[in-house]
$ cat input.txt   # compact mmCIF, C-alpha atoms and all ligand atoms
# COMPACT_ATOMS: atom_id res chain seq x y z
CA MET A 1 -4.88 4.81 -23.06
CA LYS A 2 -7.80 7.21 -23.28
CA LYS A 3 -9.78 4.92 -21.05
CA LEU A 4 -6.89 4.73 -18.59
CA LEU A 5 -6.67 8.50 -18.47
CA ALA A 6 -10.43 8.82 -17.97
CA THR A 7 -10.24 6.30 -15.13
CA ALA A 8 -7.36 8.19 -13.55
CA LEU A 9 -9.34 11.43 -13.72
CA VAL A 10 -12.42 9.88 -12.18
CA VAL A 11 -10.37 8.32 -9.38
CA THR A 12 -8.56 11.61 -8.75
CA ALA A 13 -11.86 13.49 -8.64
CA ALA A 14 -13.30 10.95 -6.20
CA ALA A 15 -10.23 11.21 -4.00
CA THR A 16 -10.18 15.00 -3.84
CA ALA A 17 -13.82 16.02 -3.99
CA LEU A 18 -14.55 15.56 -0.31
CA PRO A 19 -11.40 15.79 1.75
CA ALA A 20 -13.01 16.28 5.14
CA ALA A 21 -16.12 15.49 7.07
CA ALA A 22 -16.47 19.22 7.72
CA GLN A 23 -17.71 19.57 4.16
CA PHE A 24 -21.01 17.95 5.02
CA ALA A 25 -23.66 20.55 5.79
CA LYS A 26 -25.28 18.41 8.50
CA PRO A 27 -24.18 15.30 10.43
CA GLU A 28 -27.16 13.53 8.92
CA ASP A 29 -25.71 14.11 5.45
CA ALA A 30 -22.46 12.42 6.46
CA ILE A 31 -24.35 9.49 7.94
CA LYS A 32 -26.37 9.05 4.74
CA TYR A 33 -23.24 9.34 2.64
CA ARG A 34 -21.36 6.61 4.49
CA GLN A 35 -24.43 4.36 4.59
CA ALA A 36 -24.88 4.76 0.84
CA ALA A 37 -21.25 3.79 0.25
CA PHE A 38 -21.61 0.76 2.56
CA THR A 39 -24.77 -0.27 0.71
CA LEU A 40 -22.87 -0.30 -2.59
CA MET A 41 -20.00 -2.18 -0.97
CA GLY A 42 -22.34 -4.80 0.43
CA ARG A 43 -24.11 -5.25 -2.89
CA HIS A 44 -20.96 -5.70 -4.95
CA PHE A 45 -18.93 -7.51 -2.32
CA GLY A 46 -21.89 -9.85 -1.94
CA SER A 47 -21.93 -10.47 -5.68
CA LEU A 48 -18.25 -11.49 -5.59
CA GLY A 49 -18.91 -13.62 -2.53
CA ALA A 50 -21.73 -15.48 -4.24
CA MET A 51 -19.38 -16.36 -7.11
CA ALA A 52 -16.48 -17.20 -4.79
CA ASN A 53 -18.71 -19.50 -2.73
CA GLY A 54 -20.39 -21.21 -5.67
CA LYS A 55 -23.79 -19.66 -4.97
CA ALA A 56 -23.81 -17.88 -8.32
CA PRO A 57 -22.18 -18.94 -11.57
CA TYR A 58 -18.78 -17.36 -12.13
CA ASN A 59 -18.90 -14.57 -14.66
CA ALA A 60 -15.62 -12.77 -15.28
CA ALA A 61 -17.29 -9.61 -16.63
CA THR A 62 -19.58 -9.34 -13.61
CA ALA A 63 -16.63 -9.87 -11.28
CA ALA A 64 -14.60 -7.17 -13.04
CA SER A 65 -17.54 -4.78 -12.87
CA ASP A 66 -18.06 -5.49 -9.15
CA ALA A 67 -14.34 -4.83 -8.67
CA ASP A 68 -14.59 -1.44 -10.38
CA VAL A 69 -17.36 -0.36 -8.02
CA LEU A 70 -15.49 -1.63 -4.96
CA ALA A 71 -12.29 0.10 -6.01
CA ALA A 72 -14.15 3.40 -6.26
CA VAL A 73 -16.27 3.23 -3.12
CA HIS A 74 -14.51 1.10 -0.52
CA MET A 75 -12.73 3.94 1.28
CA LEU A 76 -15.43 6.58 0.90
CA PRO A 77 -17.23 5.80 4.19
CA PHE A 78 -14.15 6.77 6.15
CA ARG A 79 -14.47 10.41 5.10
CA ALA A 80 -17.83 10.56 6.76
CA PHE A 81 -17.16 9.65 10.40
CA GLY A 82 -16.35 13.19 11.50
CA GLU A 83 -17.19 14.76 14.83
CA GLY A 84 -20.88 14.95 15.59
CA THR A 85 -21.77 12.10 13.25
CA ASP A 86 -22.02 9.62 16.13
CA LEU A 87 -25.61 10.60 16.93
CA GLY A 88 -28.72 10.01 14.88
CA LYS A 89 -29.82 7.16 12.67
CA THR A 90 -26.61 5.18 12.79
CA ASP A 91 -25.32 1.79 13.88
CA ALA A 92 -21.87 3.25 14.43
CA LYS A 93 -20.56 2.61 17.94
CA PRO A 94 -18.94 5.30 20.11
CA GLU A 95 -15.72 3.25 19.93
CA ILE A 96 -15.14 4.73 16.45
CA TRP A 97 -14.53 8.14 17.99
CA LYS A 98 -12.90 6.84 21.18
CA GLU A 99 -10.42 4.58 19.41
CA GLN A 100 -9.65 6.51 16.28
CA ALA A 101 -6.23 4.99 15.65
CA LYS A 102 -7.69 1.51 15.90
CA PHE A 103 -10.56 2.44 13.59
CA LYS A 104 -8.14 3.90 11.06
CA GLN A 105 -6.03 0.76 11.24
CA ALA A 106 -9.12 -1.38 10.64
CA SER A 107 -9.98 0.68 7.55
CA GLU A 108 -6.42 0.29 6.30
CA ASN A 109 -6.52 -3.46 6.83
CA MET A 110 -9.66 -3.60 4.72
CA ASP A 111 -8.08 -1.34 2.09
CA GLY A 112 -5.11 -3.69 1.77
CA GLU A 113 -7.19 -6.82 1.35
CA MET A 114 -9.76 -5.09 -0.85
CA THR A 115 -7.01 -3.91 -3.18
CA LYS A 116 -5.92 -7.53 -3.60
CA LEU A 117 -9.52 -8.64 -4.08
CA VAL A 118 -10.07 -6.03 -6.79
CA ALA A 119 -7.03 -7.33 -8.67
CA ALA A 120 -8.17 -10.92 -8.22
CA ALA A 121 -11.68 -10.10 -9.38
CA LYS A 122 -10.26 -8.56 -12.55
CA SER A 123 -7.86 -11.41 -13.23
CA GLY A 124 -10.46 -13.62 -14.91
CA SER A 125 -9.54 -16.43 -12.53
CA LEU A 126 -12.17 -17.89 -10.20
CA ASP A 127 -9.40 -19.47 -8.13
CA GLN A 128 -7.81 -16.08 -7.52
CA LEU A 129 -11.19 -14.62 -6.61
CA LYS A 130 -11.80 -17.45 -4.15
CA ALA A 131 -8.40 -16.97 -2.55
CA ALA A 132 -8.83 -13.23 -2.05
CA PHE A 133 -12.45 -13.17 -0.92
CA GLY A 134 -12.15 -14.77 2.53
CA PRO A 135 -9.34 -12.56 3.86
CA THR A 136 -11.24 -9.46 2.72
CA ALA A 137 -14.48 -10.62 4.35
CA LYS A 138 -12.53 -11.12 7.58
CA THR A 139 -11.48 -7.46 7.58
CA CYS A 140 -15.12 -6.40 7.05
CA LYS A 141 -16.22 -8.59 9.94
CA ALA A 142 -13.41 -7.55 12.29
CA CYS A 143 -14.44 -3.93 11.97
CA HIS A 144 -18.17 -4.65 12.25
CA ASP A 145 -17.63 -6.78 15.36
CA HIS A 146 -15.90 -3.98 17.19
CA PHE A 147 -17.31 -0.79 15.72
CA ARG A 148 -20.87 -1.51 14.57
CA LYS A 149 -24.00 -2.18 16.59
CA ASP A 150 -25.73 -5.28 15.28
C1 LIG A 201 -20.77 -8.90 3.00
C2 LIG A 201 -21.32 -7.79 3.69
C3 LIG A 201 -20.59 -7.58 4.79
C4 LIG A 201 -19.44 -8.52 4.82
C5 LIG A 201 -19.28 -9.25 6.09
C6 LIG A 201 -18.10 -10.19 6.04
O1 LIG A 201 -21.17 -9.35 1.96
O2 LIG A 201 -22.39 -7.08 3.36
O3 LIG A 201 -20.80 -6.68 5.69
O4 LIG A 201 -19.67 -9.37 3.71
O5 LIG A 201 -20.44 -9.98 6.36
O6 LIG A 201 -18.06 -10.97 7.16

$ encode --input "input.txt" --output "structure tokens"
Amino acid sequence: MKKLLATALVVTAAATALPAAAQFAKPEDAIKYRQAAFTLMGRHFGSLGAMANGKAPYNAATAASDADVLAAVHMLPFRAFGEGTDLGKTDAKPEIWKEQAKFKQASENMDGEMTKLVAAAKSGSLDQLKAAFGPTAKTCKACHDHFRKD
């Protein structure tokens, strides 16, 4: 129970600490922030993918730990695409700012699948992890294909 409460507090703090892009002092800070979050996502999503695809041995504790990180960070990048953060050292395409509703929808699609993946990764079942990984990866790719320079 204590642990649950601590988790709830951490999640609440993460969700309220940075409500708007305007809170970044410089556009460059927002760009770094979202890139850092994507780096963590890639690392831990990649770890789950390796297990799901048989490239690494399945380890339930590692999967659960990857899931914790993903749960905390997977929506953070989307606070950091504010106005003026389209220029500079970024692979973000102008479409993000031109098609904001579509970009938001893409983030929500990922959120939905990621939420299922997090549950699957914590279930202790490799089969569940395998089933949830592909659909989540598709939502990553769909967004990258349209909104990221490669
Ligand atoms: C990853 C990673 C991505 C996605 C994407 C899915 O592991 O870093 O960006 O998966 O390649 O297609």

$ closest_residue --input "input.txt" --among "A:Lys122, A:Lys98, A:Arg148, A:Lys116" --to "ligand LIG 201 (chain A)" --atoms "all atoms listed in the file"
A:Arg148

$ residues_near_ligand --input "input.txt" --ligand "ligand LIG 201 (chain A)" --cutoff "8 Å" --atoms "only C-alpha atoms and all ligand atoms" --output "ChimeraX atom specification"
/A:38-39,41-47,49,136-142,144

$ closest_residue --input "input.txt" --among "A:Leu117, A:Ala37, A:Leu48, A:Ala61" --to "Arg79 in chain A" --atoms "all atoms listed in the file"
A:Ala37

$ atom_distance --input "input.txt" --atom1 "CA of Gly84 in chain A" --atom2 "CA of Val69 in chain A"
28.4 Å

$ atom_distance --input "input.txt" --atom1 "CA of Lys32 in chain A" --atom2 "CA of Gln100 in chain A"
20.5 Å

$ residues_near_point --input "input.txt" --point "(-8.9, -10.0, -18.0)" --cutoff "9 Å" --atoms "all atoms listed in the file" --output "MDAnalysis selection string"
chainID A and resid 60:61 64 122:125

$ atom_distance --input "input.txt" --atom1 "CA of Gln128 in chain A" --atom2 "CA of Ala36 in chain A"
28.2 Å

$ closest_residue --input "input.txt" --among "A:Asp91, A:Ala132, A:Cys143, A:Leu40" --to "Asp68 in chain A" --atoms "all atoms listed in the file"
A:Leu40

$ closest_residue --input "input.txt" --among "A:Ala52, A:Phe78, A:Lys130, A:Ala67" --to "Phe103 in chain A" --atoms "all atoms listed in the file"
A:Phe78

$ closest_residue --input "input.txt" --among "A:Ile31, A:Asn53, A:Gln105, A:Val118" --to "Val73 in chain A" --atoms "only C-alpha atoms"
A:Val118

$ closest_residue --input "input.txt" --among "A:Ala131, A:Met114, A:Ala121, A:Ala30" --to "Asp66 in chain A" --atoms "only C-alpha atoms"
A:Ala121

$ axis_aligned_box --input "input.txt" --around "range 97-116 of chain A" --padding-each-side "6 Å" --output "JSON"
{"center_x": -9.8, "center_y": 0.3, "center_z": 8.8, "size_x": 21.4, "size_y": 27.7, "size_z": 36.8}

$ residues_around --input "input.txt" --residues "Ile96 in chain A" --least-positions-apart "3" --cutoff "9 Å" --atoms "all atoms listed in the file" --output "PyMOL selection string"
chain A and resi 81+86+92-93+99-104+146-148
